[in-house]
$ cat start_15.tsv   # TSV, C-alpha atoms and all ligand atoms
chain	number	residue	atom	x	y	z
A	1	MET	CA	-8.71	-22.94	-8.71
A	2	GLY	CA	-7.15	-20.71	-11.35
A	3	ILE	CA	-3.53	-19.67	-11.57
A	4	LEU	CA	-4.55	-16.10	-10.72
A	5	THR	CA	-7.46	-15.03	-8.52
A	6	VAL	CA	-8.28	-11.36	-8.00
A	7	LYS	CA	-10.87	-10.97	-5.24
A	8	ASP	CA	-12.52	-7.69	-4.21
A	9	VAL	CA	-9.36	-5.78	-5.07
A	10	SER	CA	-9.28	-2.01	-4.71
A	11	LYS	CA	-6.37	0.35	-5.17
A	12	THR	CA	-6.38	3.90	-3.88
A	13	TYR	CA	-3.60	6.42	-4.42
A	14	GLN	CA	-3.20	9.37	-2.12
A	15	SER	CA	-2.31	12.51	-4.04
A	16	GLY	CA	-1.92	15.41	-1.63
A	17	SER	CA	-5.11	15.58	0.39
A	18	ARG	CA	-7.14	13.82	-2.29
A	19	LYS	CA	-7.78	10.11	-2.57
A	20	LEU	CA	-7.89	8.60	-6.02
A	21	THR	CA	-9.61	5.23	-6.32
A	22	VAL	CA	-8.14	3.63	-9.43
A	23	LEU	CA	-9.54	0.12	-8.97
A	24	ASP	CA	-12.83	-0.43	-7.20
A	25	GLN	CA	-13.74	-3.95	-5.99
A	26	VAL	CA	-12.34	-5.84	-8.96
A	27	ASN	CA	-12.93	-9.58	-9.30
A	28	PHE	CA	-11.77	-12.12	-11.86
A	29	GLU	CA	-10.08	-15.47	-12.20
A	30	ILE	CA	-7.62	-16.70	-14.80
A	31	LEU	CA	-7.00	-20.33	-15.61
A	32	GLU	CA	-3.62	-21.88	-16.33
A	33	GLY	CA	-2.66	-21.57	-20.00
A	34	GLU	CA	-5.25	-18.88	-20.78
A	35	SER	CA	-4.37	-15.71	-22.66
A	36	ILE	CA	-6.12	-12.52	-21.56
A	37	ALA	CA	-6.08	-8.96	-22.88
A	38	ILE	CA	-6.70	-6.05	-20.52
A	39	VAL	CA	-8.04	-3.03	-22.38
A	40	GLY	CA	-9.30	0.40	-21.35
A	41	PRO	CA	-8.69	4.12	-21.80
A	42	SER	CA	-5.41	5.75	-20.81
A	43	GLY	CA	-5.30	6.33	-17.06
A	44	SER	CA	-7.95	3.68	-16.34
A	45	GLY	CA	-5.66	1.59	-14.14
A	46	LYS	CA	-4.34	-1.09	-16.51
A	47	THR	CA	-0.71	-0.77	-15.44
A	48	THR	CA	-1.80	-0.58	-11.80
A	49	LEU	CA	-3.81	-3.79	-12.15
A	50	LEU	CA	-0.93	-5.60	-13.85
A	51	GLY	CA	1.45	-4.52	-11.09
A	52	LEU	CA	-0.89	-5.84	-8.39
A	53	CYS	CA	-1.37	-9.16	-10.21
A	54	ALA	CA	2.41	-9.60	-10.61
A	55	GLY	CA	3.11	-8.76	-6.97
A	56	LEU	CA	5.11	-5.65	-7.87
A	57	ASP	CA	2.77	-3.54	-5.76
A	58	ALA	CA	0.23	-4.25	-3.01
A	59	ALA	CA	-3.55	-3.79	-3.25
A	60	SER	CA	-5.21	-1.35	-0.81
A	61	THR	CA	-7.83	-3.97	0.01
A	62	GLY	CA	-8.74	-7.40	-1.31
A	63	SER	CA	-6.77	-10.45	-2.27
A	64	VAL	CA	-4.49	-11.41	-5.17
A	65	ILE	CA	-3.61	-15.10	-5.23
A	66	LEU	CA	-0.98	-16.18	-7.74
A	67	ASN	CA	-0.23	-19.87	-8.10
A	68	GLY	CA	-1.58	-20.52	-4.59
A	69	GLU	CA	0.27	-17.64	-2.89
A	70	ALA	CA	-1.81	-14.78	-1.45
A	71	PHE	CA	0.36	-11.68	-1.96
A	72	GLU	CA	-1.29	-9.74	0.88
A	73	LYS	CA	0.00	-12.34	3.35
A	74	LEU	CA	3.60	-12.02	2.16
A	75	ASN	CA	6.29	-9.46	2.92
A	76	GLU	CA	8.31	-7.81	0.13
A	77	ASP	CA	11.05	-10.49	0.17
A	78	GLN	CA	8.51	-13.27	-0.06
A	79	ARG	CA	6.70	-11.48	-2.91
A	80	ALA	CA	10.04	-11.15	-4.72
A	81	ALA	CA	10.60	-14.89	-4.32
A	82	VAL	CA	7.20	-15.66	-5.87
A	83	ARG	CA	7.95	-13.27	-8.74
A	84	SER	CA	11.32	-14.88	-9.34
A	85	ARG	CA	9.79	-18.35	-9.36
A	86	ASP	CA	6.56	-17.85	-11.29
A	87	VAL	CA	6.38	-14.46	-13.02
A	88	GLY	CA	7.75	-12.92	-16.20
A	89	PHE	CA	7.16	-9.23	-16.88
A	90	ILE	CA	7.56	-7.26	-20.11
A	91	PHE	CA	7.44	-3.50	-19.51
A	92	GLN	CA	6.30	-0.91	-22.03
A	93	ASN	CA	9.63	0.91	-21.81
A	94	PHE	CA	11.74	-2.31	-21.76
A	95	GLN	CA	13.51	-1.50	-18.43
A	96	LEU	CA	16.79	-3.09	-19.38
A	97	LEU	CA	19.79	-2.37	-17.16
A	98	PRO	CA	21.84	0.17	-19.14
A	99	THR	CA	25.25	-0.92	-17.82
A	100	LEU	CA	24.75	-4.55	-18.81
A	101	THR	CA	24.96	-6.13	-22.26
A	102	ALA	CA	21.96	-7.86	-23.84
A	103	LEU	CA	23.37	-11.21	-22.70
A	104	GLU	CA	23.99	-10.01	-19.14
A	105	ASN	CA	20.48	-8.54	-18.93
A	106	VAL	CA	18.97	-11.92	-19.80
A	107	MET	CA	21.34	-13.68	-17.38
A	108	VAL	CA	20.16	-11.61	-14.37
A	109	PRO	CA	17.03	-13.63	-13.49
A	110	LEU	CA	18.90	-16.90	-14.11
A	111	GLU	CA	21.77	-15.87	-11.84
A	112	LEU	CA	19.31	-14.79	-9.16
A	113	LYS	CA	18.13	-18.38	-9.23
A	114	LYS	CA	21.76	-19.54	-9.04
A	115	ARG	CA	21.49	-21.48	-12.25
A	116	LYS	CA	24.86	-22.81	-13.36
A	117	ASP	CA	23.79	-22.75	-17.01
A	118	ALA	CA	22.79	-19.05	-16.86
A	119	ARG	CA	25.08	-18.02	-19.71
A	120	SER	CA	24.21	-20.82	-22.13
A	121	LYS	CA	20.49	-20.56	-21.35
A	122	ALA	CA	20.57	-16.77	-21.93
A	123	MET	CA	22.41	-17.29	-25.23
A	124	GLU	CA	19.80	-19.82	-26.33
A	125	LEU	CA	16.96	-17.39	-25.51
A	126	LEU	CA	18.60	-14.50	-27.37
A	127	GLU	CA	19.08	-16.78	-30.36
A	128	LYS	CA	15.36	-17.63	-30.23
A	129	VAL	CA	14.39	-13.96	-30.42
A	130	GLY	CA	16.77	-13.41	-33.33
A	131	LEU	CA	19.55	-11.56	-31.50
A	132	LYS	CA	22.37	-14.07	-31.85
A	133	ASP	CA	24.69	-11.36	-33.19
A	134	ARG	CA	23.68	-8.66	-30.70
A	135	MET	CA	24.59	-10.41	-27.44
A	136	THR	CA	27.43	-8.08	-26.44
A	137	HIS	CA	25.56	-4.90	-27.37
A	138	TYR	CA	24.45	-2.50	-24.66
A	139	PRO	CA	20.79	-1.32	-24.64
A	140	THR	CA	21.73	2.10	-26.10
A	141	GLN	CA	23.31	0.30	-29.05
A	142	LEU	CA	20.06	-1.50	-29.85
A	143	SER	CA	16.90	-0.33	-31.64
A	144	GLY	CA	13.57	-0.21	-29.77
A	145	GLY	CA	12.45	-3.49	-31.30
A	146	GLU	CA	15.74	-5.15	-30.39
A	147	GLN	CA	15.53	-3.89	-26.81
A	148	GLN	CA	12.00	-5.24	-26.56
A	149	ARG	CA	13.23	-8.61	-27.84
A	150	VAL	CA	15.91	-8.64	-25.12
A	151	SER	CA	13.23	-7.90	-22.52
A	152	ILE	CA	11.13	-10.76	-23.90
A	153	ALA	CA	14.10	-13.14	-23.69
A	154	ARG	CA	14.65	-11.96	-20.09
A	155	ALA	CA	10.97	-12.46	-19.23
A	156	PHE	CA	11.02	-16.00	-20.58
A	157	ALA	CA	14.34	-16.86	-18.89
A	158	ASN	CA	12.53	-18.01	-15.75
A	159	GLU	CA	10.19	-20.20	-17.75
A	160	PRO	CA	7.47	-18.29	-15.90
A	161	LYS	CA	4.11	-19.88	-15.22
A	162	ILE	CA	2.54	-16.54	-15.98
A	163	LEU	CA	3.72	-13.75	-18.23
A	164	PHE	CA	2.57	-10.13	-17.86
A	165	ALA	CA	3.15	-7.74	-20.75
A	166	ASP	CA	2.30	-4.03	-20.45
A	167	GLU	CA	1.65	-2.65	-23.93
A	168	PRO	CA	4.57	-4.68	-25.27
A	169	THR	CA	4.19	-3.25	-28.76
A	170	GLY	CA	3.14	0.27	-27.72
A	171	ASN	CA	6.46	1.94	-28.47
A	172	LEU	CA	7.23	0.05	-31.67
A	173	ASP	CA	6.39	0.59	-35.32
A	174	THR	CA	3.67	-1.66	-36.78
A	175	GLU	CA	5.98	-4.14	-38.45
A	176	THR	CA	8.26	-4.58	-35.44
A	177	GLY	CA	5.20	-4.74	-33.21
A	178	GLU	CA	3.77	-7.60	-35.24
A	179	MET	CA	7.03	-9.51	-34.98
A	180	ILE	CA	7.13	-9.01	-31.20
A	181	GLU	CA	3.49	-10.13	-30.94
A	182	ALA	CA	4.18	-13.30	-32.89
A	183	LEU	CA	7.16	-14.01	-30.67
A	184	ILE	CA	5.17	-13.63	-27.45
A	185	PHE	CA	2.36	-15.89	-28.67
A	186	ASP	CA	4.86	-18.48	-29.98
A	187	LEU	CA	6.77	-18.64	-26.71
A	188	ASN	CA	3.45	-18.66	-24.86
A	189	LYS	CA	2.33	-21.70	-26.86
A	190	ALA	CA	5.68	-23.49	-26.73
A	191	GLN	CA	5.96	-23.23	-22.94
A	192	GLY	CA	2.23	-23.32	-22.06
A	193	THR	CA	2.64	-19.98	-20.29
A	194	THR	CA	-0.41	-18.09	-19.06
A	195	LEU	CA	-0.41	-14.72	-20.81
A	196	ILE	CA	-1.88	-11.46	-19.54
A	197	LEU	CA	-1.31	-8.46	-21.71
A	198	VAL	CA	-2.35	-4.85	-21.64
A	199	THR	CA	-2.92	-3.40	-25.07
A	200	HIS	CA	-4.54	-0.56	-27.00
A	201	ASP	CA	-4.42	-2.70	-30.10
A	202	THR	CA	-7.83	-4.28	-30.77
A	203	GLU	CA	-6.37	-6.71	-33.30
A	204	LEU	CA	-3.89	-7.97	-30.71
A	205	ALA	CA	-6.65	-8.22	-28.08
A	206	LYS	CA	-8.73	-10.37	-30.46
A	207	ARG	CA	-5.95	-12.97	-30.56
A	208	THR	CA	-6.40	-13.75	-26.85
A	209	ASP	CA	-8.96	-16.09	-25.23
A	210	ARG	CA	-10.66	-13.37	-23.20
A	211	ILE	CA	-10.80	-9.59	-22.95
A	212	ILE	CA	-11.13	-7.74	-19.65
A	213	GLN	CA	-12.19	-4.12	-20.05
A	214	ILE	CA	-11.47	-1.56	-17.29
A	215	LYS	CA	-13.57	1.57	-17.03
A	216	GLY	CA	-14.13	3.86	-14.06
A	217	GLY	CA	-12.30	1.48	-11.73
A	218	LYS	CA	-14.63	-1.43	-12.57
A	219	ILE	CA	-14.08	-4.27	-14.97
A	220	GLN	CA	-16.31	-5.76	-17.59
A	221	GLU	CA	-15.60	-9.13	-19.10
A	222	GLU	CA	-16.01	-9.58	-22.80
A	223	SER	CA	-15.97	-12.93	-24.48
A	224	ASN	CA	-13.63	-13.23	-27.40
A	225	GLY	CA	-13.99	-15.15	-30.63
B	301	LIG	N1	2.16	5.83	-7.94
B	301	LIG	C1	1.07	6.56	-8.20
B	301	LIG	N2	0.69	7.56	-7.37
B	301	LIG	C2	-0.43	8.29	-7.60
B	301	LIG	N3	-1.25	8.10	-8.67
B	301	LIG	C3	-0.92	7.11	-9.52
B	301	LIG	C4	0.26	6.29	-9.35
B	301	LIG	N4	0.31	5.39	-10.36
B	301	LIG	C5	-0.75	5.65	-11.14
B	301	LIG	N5	-1.49	6.68	-10.65
B	301	LIG	C6	-2.73	7.19	-11.22
B	301	LIG	O1	-3.64	6.10	-11.33
B	301	LIG	C7	-4.38	6.18	-12.54
B	301	LIG	C8	-4.19	4.89	-13.34
B	301	LIG	O2	-2.86	4.82	-13.80
B	301	LIG	P1	-2.33	3.59	-14.67
B	301	LIG	O3	-2.57	2.34	-13.92
B	301	LIG	O4	-0.93	3.89	-15.06
B	301	LIG	O5	-3.32	3.65	-15.94
B	301	LIG	P2	-3.16	3.04	-17.42
B	301	LIG	O6	-2.03	2.04	-17.41
B	301	LIG	O7	-4.50	2.43	-17.72
B	301	LIG	O8	-2.89	4.19	-18.33
B	301	LIG	C9	-3.92	7.42	-13.26
B	301	LIG	O9	-4.83	8.46	-12.97
B	301	LIG	C10	-2.58	7.70	-12.64
B	301	LIG	O10	-2.29	9.07	-12.66
B	302	MG	MG	-0.29	1.91	-18.47
$ encode --input "start_15.tsv" --output "structure tokens"
Amino acid sequence: MGILTVKDVSKTYQSGSRKLTVLDQVNFEILEGESIAIVGPSGSGKTTLLGLCAGLDAASTGSVILNGEAFEKLNEDQRAAVRSRDVGFIFQNFQLLPTLTALENVMVPLELKKRKDARSKAMELLEKVGLKDRMTHYPTQLSGGEQQRVSIARAFANEPKILFADEPTGNLDTETGEMIEALIFDLNKAQGTTLILVTHDTELAKRTDRIIQIKGGKIQEESNG
């Protein structure tokens, strides 16, 4: 069995009296160590799908099984425990905590796991992403690219089995975006992490093992390379 199984998953949002079906009976399976790109037009449900796969949100129907745990059978606390153990998430808009320094932001997931070496581990990760001399900066004192590097360090702090990245380079200039890309793929290789990323960037998508295209709530698989 794969590290992630998505089986007959649908997601419907209620907006007023209207029902909006964003995902319609989606099926796929991802193997450990694979890298996947999810592509599709704006509003096609990419972020929704990523959220369901990461256990941030629940499917309307169907099953999402991550590393042997079926999210639909778990309550919110249990889903949070699976996320903390197995999942890293890089958001498009970074989502750093504004009142914490770069170092403290990276320490959060480590402290949640009660790791005694939280501080030294966080420092090591920030050094890896090239932010050795930015550790005591607050998010507002950092550029977009630097904030995204902090969020990457935070995502890798758990040594996640699976890393989700939602348009990780979407808000960055080309050069910074390329650096962030390289960093994600390097860390992915170094730790053997399964990588699932949403992107508009066809060049970035081509670097992954497989592309999943969403359109009209359905998915189409495309082979890659
Ligand atoms: N919480 C929500 N409530 C209602 N509609 C939502 C919600 N989240 C997303 N949507 C709608 O679902 C569709 C897919 O959104 P999203 O997954 O963000 O697409 P993408 O990431 O591909 O741009 C959009 O039409 C969006 O407006
Ligand atoms: Mg999105």
$ residues_around --input "start_15.tsv" --residues "Leu204 of chain A" --least-positions-apart "6" --cutoff "10 Å" --atoms "all atoms listed in the file" --output "count of residues only"
8
$ residues_near_ligand --input "start_15.tsv" --ligand "ligand MG 302 (chain B)" --cutoff "12 Å" --atoms "all atoms listed in the file" --output "list in words"
Ile38, Val39, Gly40, Pro41, Ser42, Gly43, Ser44, Gly45, Lys46, Thr47, Thr48, Leu49, Leu50, Gly51, Phe91, Gln92, Asn93, Ala165, Asp166, Glu167, Pro168, Gly170, Leu197, Val198, Thr199, His200 and Ile214 of chain A
$ write_last_selection --input "start_15.tsv" --atoms "C-alpha atoms" --output "tab-separated table (two decimals), in the coordinates of the input"
chain	number	residue	atom	x	y	z
A	38	ILE	CA	-6.70	-6.05	-20.52
A	39	VAL	CA	-8.04	-3.03	-22.38
A	40	GLY	CA	-9.30	0.40	-21.35
A	41	PRO	CA	-8.69	4.12	-21.80
A	42	SER	CA	-5.41	5.75	-20.81
A	43	GLY	CA	-5.30	6.33	-17.06
A	44	SER	CA	-7.95	3.68	-16.34
A	45	GLY	CA	-5.66	1.59	-14.14
A	46	LYS	CA	-4.34	-1.09	-16.51
A	47	THR	CA	-0.71	-0.77	-15.44
A	48	THR	CA	-1.80	-0.58	-11.80
A	49	LEU	CA	-3.81	-3.79	-12.15
A	50	LEU	CA	-0.93	-5.60	-13.85
A	51	GLY	CA	1.45	-4.52	-11.09
A	91	PHE	CA	7.44	-3.50	-19.51
A	92	GLN	CA	6.30	-0.91	-22.03
A	93	ASN	CA	9.63	0.91	-21.81
A	165	ALA	CA	3.15	-7.74	-20.75
A	166	ASP	CA	2.30	-4.03	-20.45
A	167	GLU	CA	1.65	-2.65	-23.93
A	168	PRO	CA	4.57	-4.68	-25.27
A	170	GLY	CA	3.14	0.27	-27.72
A	197	LEU	CA	-1.31	-8.46	-21.71
A	198	VAL	CA	-2.35	-4.85	-21.64
A	199	THR	CA	-2.92	-3.40	-25.07
A	200	HIS	CA	-4.54	-0.56	-27.00
A	214	ILE	CA	-11.47	-1.56	-17.29
$ closest_residue --input "start_15.tsv" --among "A:Leu187, A:Ile219, A:Val82, A:Ile211" --to "Ser10 of chain A" --atoms "only C-alpha atoms"
A:Ile219
$ residues_around --input "start_15.tsv" --residues "Lys206 of chain A" --least-positions-apart "3" --cutoff "8 Å" --atoms "all atoms listed in the file" --output "list in words"
Thr202, Glu203, Asp209, Ile211, Asn224 and Gly225 of chain A
$ atom_distance --input "start_15.tsv" --atom1 "atom CA of Glu34 of chain A" --atom2 "atom CA of Thr194 of chain A"
5.2 Å
$ residues_around --input "start_15.tsv" --residues "segment 119-129 of chain A" --least-positions-apart "6" --cutoff "6 Å" --atoms "all atoms listed in the file" --output "list in words"
Val106, Met107 and Ala153 of chain A
$ atom_distance --input "start_15.tsv" --atom1 "atom CA of Lys113 of chain A" --atom2 "atom CA of Glu76 of chain A"
17.2 Å
$ closest_atom_pairs --input "start_15.tsv" --of "segment 47-157 of chain A" --to "segment 17-27 of chain A" --cutoff "10 Å" --atoms "only C-alpha atoms" --output "Markdown table"
| residue | atom | partner | partner_atom | distance |
| --- | --- | --- | --- | --- |
| A:Thr48 | CA | A:Val22 | CA | 8.0 |
| A:Leu49 | CA | A:Leu23 | CA | 7.6 |
| A:Ala59 | CA | A:Leu23 | CA | 9.2 |
| A:Ser60 | CA | A:Leu23 | CA | 9.4 |
| A:Thr61 | CA | A:Gln25 | CA | 8.4 |
| A:Gly62 | CA | A:Gln25 | CA | 7.7 |
| A:Ser63 | CA | A:Asn27 | CA | 9.4 |
| A:Val64 | CA | A:Asn27 | CA | 9.6 |
$ write_last_selection --input "start_15.tsv" --atoms "C-alpha atoms" --output "PDB file, in the coordinates of the input"
ATOM      1  CA  THR A  48      -1.800  -0.580 -11.800  1.00  0.00           C
ATOM      2  CA  LEU A  49      -3.810  -3.790 -12.150  1.00  0.00           C
ATOM      3  CA  ALA A  59      -3.550  -3.790  -3.250  1.00  0.00           C
ATOM      4  CA  SER A  60      -5.210  -1.350  -0.810  1.00  0.00           C
ATOM      5  CA  THR A  61      -7.830  -3.970   0.010  1.00  0.00           C
ATOM      6  CA  GLY A  62      -8.740  -7.400  -1.310  1.00  0.00           C
ATOM      7  CA  SER A  63      -6.770 -10.450  -2.270  1.00  0.00           C
ATOM      8  CA  VAL A  64      -4.490 -11.410  -5.170  1.00  0.00           C
TER       9      VAL A  64
END
$ closest_residue --input "start_15.tsv" --among "A:Leu195, A:Val9, A:Met179, A:Ala70" --to "Lys218 of chain A" --atoms "only C-alpha atoms"
A:Val9
$ closest_residue --input "start_15.tsv" --among "A:Glu175, A:Asp57, A:Glu32, A:Asp133" --to "ligand LIG 301 (chain B)" --atoms "all atoms listed in the file"
A:Asp57
$ atom_distance --input "start_15.tsv" --atom1 "atom O2 of ligand LIG 301 (chain B)" --atom2 "atom CA of Gly217 of chain A"
10.2 Å
